[in-house]
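Visitor: Input: one structure, supplied below.
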Amino acid sequence: MDILPEIAGVLFDIDDTLVDLETAMGRTLHHVGADTLAHLSDADWIEYKRLYAHDPLGSYNRFLAGELTFSEQRLHRARHAQAAFVEEPLEGEAARRWNTAYEATLPLHFEPYDDVVPLLDALDAAGVPYGAVSNNVHDYQRAKLDRSGLSRFDVLVGIDTVDAAKPDPAIYREGARQLGTPPERTLYVGDNRVIDAEGADAAGLIGVWLDRRAAAPAGFAGRRITSLAGVLQFLPHVR
């Protein structure tokens, strides 16, 4: 492991790092598709949820680029996922009802991963400040953290905070600025190796890839942890 300066603070990604968004989306898709997709087998449901969550057409990136609204990107993903299993496209009034049901149901399933609260407790006990930097708008992510029982996050930077999205250096640096820690002494932890770990490194922070699936390629030499408990290895005085 490379020799790091003393870490002054920690920033986190939110979705699939702190909050188990993939599980929440899967449960929501089951609920809102209970009638239309009742014929799906267990294997079909897995593929349907995979298509929606992994977003192979890049609809969420189009939202980040300002090409789609947040609701539009969601419906684009749903249409693409459903097209593999039903002939009737998700359009018009059906799309409006689907989106309304999805928006109402998703927050009911927001939960933090089991390793989140113990780590935050350890950081609080050691006096290490922490915050979150997310590729979504501030207010939506604030509501998500609060719903997940993570209202203790005082620092939260969204894409509307600096009109930039990861991996633009400005958004990571704004997180460090609000945290009050030098970027070069600020850890940034997220589940996306390229956008979170490498993007934070390029911005002058210390990026760490949270690889919950232990999917690192052979020979991977970057900073990697498989649970949030691994953050403590970068903070020797917190152990």
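Starting from 1 in every chain, residues are counted up; chains themselves are A, B, ... following the order of the structure tokens, and ligands are numbered from 1 as listed.
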Report the residues of chain A whose backbone DSSP state falls under helix (DSSP H, G or I), written as a PyMOL selection string.

Guide: chain A and resi 21-32+42-54+59-64+70-83+92-109+116-126+138-147+159-162+169-179+183-185+193-202+228-234+236-238

Visitor: Write out as a ChimeraX atom specification the residues lying within 9 Å of stretch 187-200 of chain A, counting only C-alpha atoms and excluding same-chain residues fewer than 6 positions away.

Guide: /A:7-18,132-133,166-169,172-173,206-212,222-224,228,231,234

Visitor: Please identify all polymer residues within 12 Å of A:Arg79, counting only C-alpha atoms, omitting same-chain residues fewer than 5 positions from it, and present them as a PyMOL selection string.

Guide: chain A and resi 48+51-52+55+57+59+72-74+84-92+94-95+98-99

Visitor: Please produce a file of the residues just selected, as a PDB file, in the first residue's frame, where the atoms kept are N, CA and C atoms.

Guide:
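This went into part_21.pdb:
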```
ATOM      1  N   TYR A  48     -34.446  -8.525 -15.847  1.00  0.00           N
ATOM      2  CA  TYR A  48     -35.166  -7.252 -15.928  1.00  0.00           C
ATOM      3  C   TYR A  48     -34.566  -6.222 -14.978  1.00  0.00           C
ATOM      4  N   LEU A  51     -31.092  -5.103 -16.178  1.00  0.00           N
ATOM      5  CA  LEU A  51     -31.148  -4.132 -17.270  1.00  0.00           C
ATOM      6  C   LEU A  51     -31.481  -2.733 -16.750  1.00  0.00           C
ATOM      7  N   TYR A  52     -32.412  -2.669 -15.816  1.00  0.00           N
ATOM      8  CA  TYR A  52     -32.792  -1.362 -15.277  1.00  0.00           C
ATOM      9  C   TYR A  52     -31.644  -0.759 -14.452  1.00  0.00           C
ATOM     10  N   ASP A  55     -28.390   0.038 -16.557  1.00  0.00           N
ATOM     11  CA  ASP A  55     -28.600   1.142 -17.495  1.00  0.00           C
ATOM     12  C   ASP A  55     -27.651   1.076 -18.696  1.00  0.00           C
ATOM     13  N   LEU A  57     -27.925   1.653 -21.794  1.00  0.00           N
ATOM     14  CA  LEU A  57     -28.023   2.711 -22.795  1.00  0.00           C
ATOM     15  C   LEU A  57     -27.502   4.064 -22.283  1.00  0.00           C
ATOM     16  N   SER A  59     -28.749   6.128 -19.914  1.00  0.00           N
ATOM     17  CA  SER A  59     -29.766   7.164 -19.730  1.00  0.00           C
ATOM     18  C   SER A  59     -29.439   8.083 -18.555  1.00  0.00           C
ATOM     19  N   GLU A  72     -37.368  11.464 -16.904  1.00  0.00           N
ATOM     20  CA  GLU A  72     -37.188  10.925 -18.251  1.00  0.00           C
ATOM     21  C   GLU A  72     -36.137   9.827 -18.289  1.00  0.00           C
ATOM     22  N   GLN A  73     -35.031  10.019 -17.584  1.00  0.00           N
ATOM     23  CA  GLN A  73     -34.007   8.972 -17.591  1.00  0.00           C
ATOM     24  C   GLN A  73     -34.540   7.690 -16.967  1.00  0.00           C
ATOM     25  N   ARG A  74     -35.356   7.841 -15.940  1.00  0.00           N
ATOM     26  CA  ARG A  74     -35.935   6.662 -15.283  1.00  0.00           C
ATOM     27  C   ARG A  74     -36.855   5.909 -16.248  1.00  0.00           C
ATOM     28  N   ALA A  84     -37.755  -6.137 -23.387  1.00  0.00           N
ATOM     29  CA  ALA A  84     -37.294  -7.523 -23.535  1.00  0.00           C
ATOM     30  C   ALA A  84     -38.358  -8.526 -23.113  1.00  0.00           C
ATOM     31  N   PHE A  85     -39.444  -8.042 -22.458  1.00  0.00           N
ATOM     32  CA  PHE A  85     -40.401  -8.977 -21.876  1.00  0.00           C
ATOM     33  C   PHE A  85     -41.859  -8.706 -22.231  1.00  0.00           C
ATOM     34  N   VAL A  86     -42.171  -7.499 -22.690  1.00  0.00           N
ATOM     35  CA  VAL A  86     -43.548  -7.177 -23.073  1.00  0.00           C
ATOM     36  C   VAL A  86     -43.533  -6.432 -24.402  1.00  0.00           C
ATOM     37  N   GLU A  87     -44.594  -6.605 -25.185  1.00  0.00           N
ATOM     38  CA  GLU A  87     -44.666  -5.975 -26.496  1.00  0.00           C
ATOM     39  C   GLU A  87     -45.148  -4.533 -26.429  1.00  0.00           C
ATOM     40  N   GLU A  88     -46.049  -4.241 -25.499  1.00  0.00           N
ATOM     41  CA  GLU A  88     -46.607  -2.893 -25.430  1.00  0.00           C
ATOM     42  C   GLU A  88     -45.609  -1.938 -24.787  1.00  0.00           C
ATOM     43  N   PRO A  89     -45.216  -0.854 -25.470  1.00  0.00           N
ATOM     44  CA  PRO A  89     -44.231   0.082 -24.906  1.00  0.00           C
ATOM     45  C   PRO A  89     -44.795   0.862 -23.732  1.00  0.00           C
ATOM     46  N   LEU A  90     -43.915   1.269 -22.854  1.00  0.00           N
ATOM     47  CA  LEU A  90     -44.308   2.052 -21.679  1.00  0.00           C
ATOM     48  C   LEU A  90     -44.394   3.520 -22.093  1.00  0.00           C
ATOM     49  N   GLU A  91     -45.570   3.950 -22.471  1.00  0.00           N
ATOM     50  CA  GLU A  91     -45.763   5.308 -22.985  1.00  0.00           C
ATOM     51  C   GLU A  91     -47.030   5.924 -22.396  1.00  0.00           C
ATOM     52  N   GLY A  92     -47.184   7.219 -22.606  1.00  0.00           N
ATOM     53  CA  GLY A  92     -48.410   7.923 -22.266  1.00  0.00           C
ATOM     54  C   GLY A  92     -48.853   7.781 -20.823  1.00  0.00           C
ATOM     55  N   ALA A  94     -49.784   5.165 -19.195  1.00  0.00           N
ATOM     56  CA  ALA A  94     -49.155   4.025 -18.502  1.00  0.00           C
ATOM     57  C   ALA A  94     -47.804   4.427 -17.934  1.00  0.00           C
ATOM     58  N   ALA A  95     -47.048   5.204 -18.681  1.00  0.00           N
ATOM     59  CA  ALA A  95     -45.743   5.670 -18.211  1.00  0.00           C
ATOM     60  C   ALA A  95     -45.900   6.613 -17.025  1.00  0.00           C
ATOM     61  N   TRP A  98     -46.765   4.523 -14.013  1.00  0.00           N
ATOM     62  CA  TRP A  98     -45.587   3.758 -13.587  1.00  0.00           C
ATOM     63  C   TRP A  98     -44.629   4.655 -12.816  1.00  0.00           C
ATOM     64  N   ASN A  99     -44.352   5.832 -13.352  1.00  0.00           N
ATOM     65  CA  ASN A  99     -43.395   6.736 -12.721  1.00  0.00           C
ATOM     66  C   ASN A  99     -43.901   7.224 -11.365  1.00  0.00           C
TER      67      ASN A  99
END
```

Visitor: Looking at A:Val128, A:Ala83, A:Ala104, A:Leu64, which one is nearest to A:Leu235, with distances taken over only C-alpha atoms?

Guide: A:Val128

Visitor: To one decimal place in Å, what is the distance between atom CA of A:Thr186 and atom CA of A:Glu174?

Guide: 11.5 Å

Visitor: Name the residues of stretch 11-233 of chain A that fall into strand (DSSP E) according to DSSP on the backbone, using the chain letters and numbers of this document, as a list in words.

Guide: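 Selection result, strand (DSSP E) within stretch 11-233 of chain A: Leu11, Phe12, Tyr130, Gly131, Ala132, Val133, Val155, Leu156, Val157, Thr186, Leu187, Tyr188, Val189, Gly190, Ile206, Gly207, Val208, Trp209, Leu210, Arg224 and Ile225 of chain A.
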
Visitor: Closest to A:Ser134 among A:Glu6, A:Phe220, A:Leu108, A:Ala165, using only C-alpha atoms?

Guide: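 Closest to A:Ser134, using only C-alpha atoms: A:Ala165.
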
Visitor: To one decimal in Å, tell me the separation between atom CA of A:His109 and atom CA of A:Asp20.

Guide: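 Taking atom CA of A:His109 and atom CA of A:Asp20, their separation equals 8.9 Å.
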
Visitor: Taking 3 positions as the minimum chain separation for residues in the same chain, which residues sit within 12 Å of A:Asp160 when counting only C-alpha atoms? Answer as a list in words.

Guide: Leu64, Gly66, Val133, Ser134, Asn135, Asn136, Val137, His138, Asp139, Tyr140, Gln141, Leu156, Val157, Asp163, Ala164, Ala165, Lys166, Ala170, Ile171 and Glu174 of chain A

Visitor: Give me, as a list in words, all polymer residues having an atom no more than 12 Å from A:Asp124, counting only C-alpha atoms and skipping those fewer than 3 positions away in the same chain.

Guide: Gly9, Val10, Val117, Pro118, Leu119, Leu120, Asp121, Gly127, Val128, Pro129, Tyr130, Gly131, Arg152, Phe153 and Val238 of chain A

Visitor: Name the residues in contact with A:Ile46 at a cut-off of 12 Å, using only C-alpha atoms, excluding same-chain residues fewer than 5 positions from it; report them as a list in words.

Guide: Glu22, Thr23, Met25, Gly26, Arg27, Leu29, His30, Leu40, Ser41, Leu51, Tyr52, Ala53, His54 and Ala81 of chain A

Visitor: Find, counting only C-alpha atoms, the residue in A:Ala218, A:Tyr113, A:Pro5, A:Val19 that gets nearest to A:Asp146.

Guide: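 Closest residue, counting only C-alpha atoms: A:Val19.
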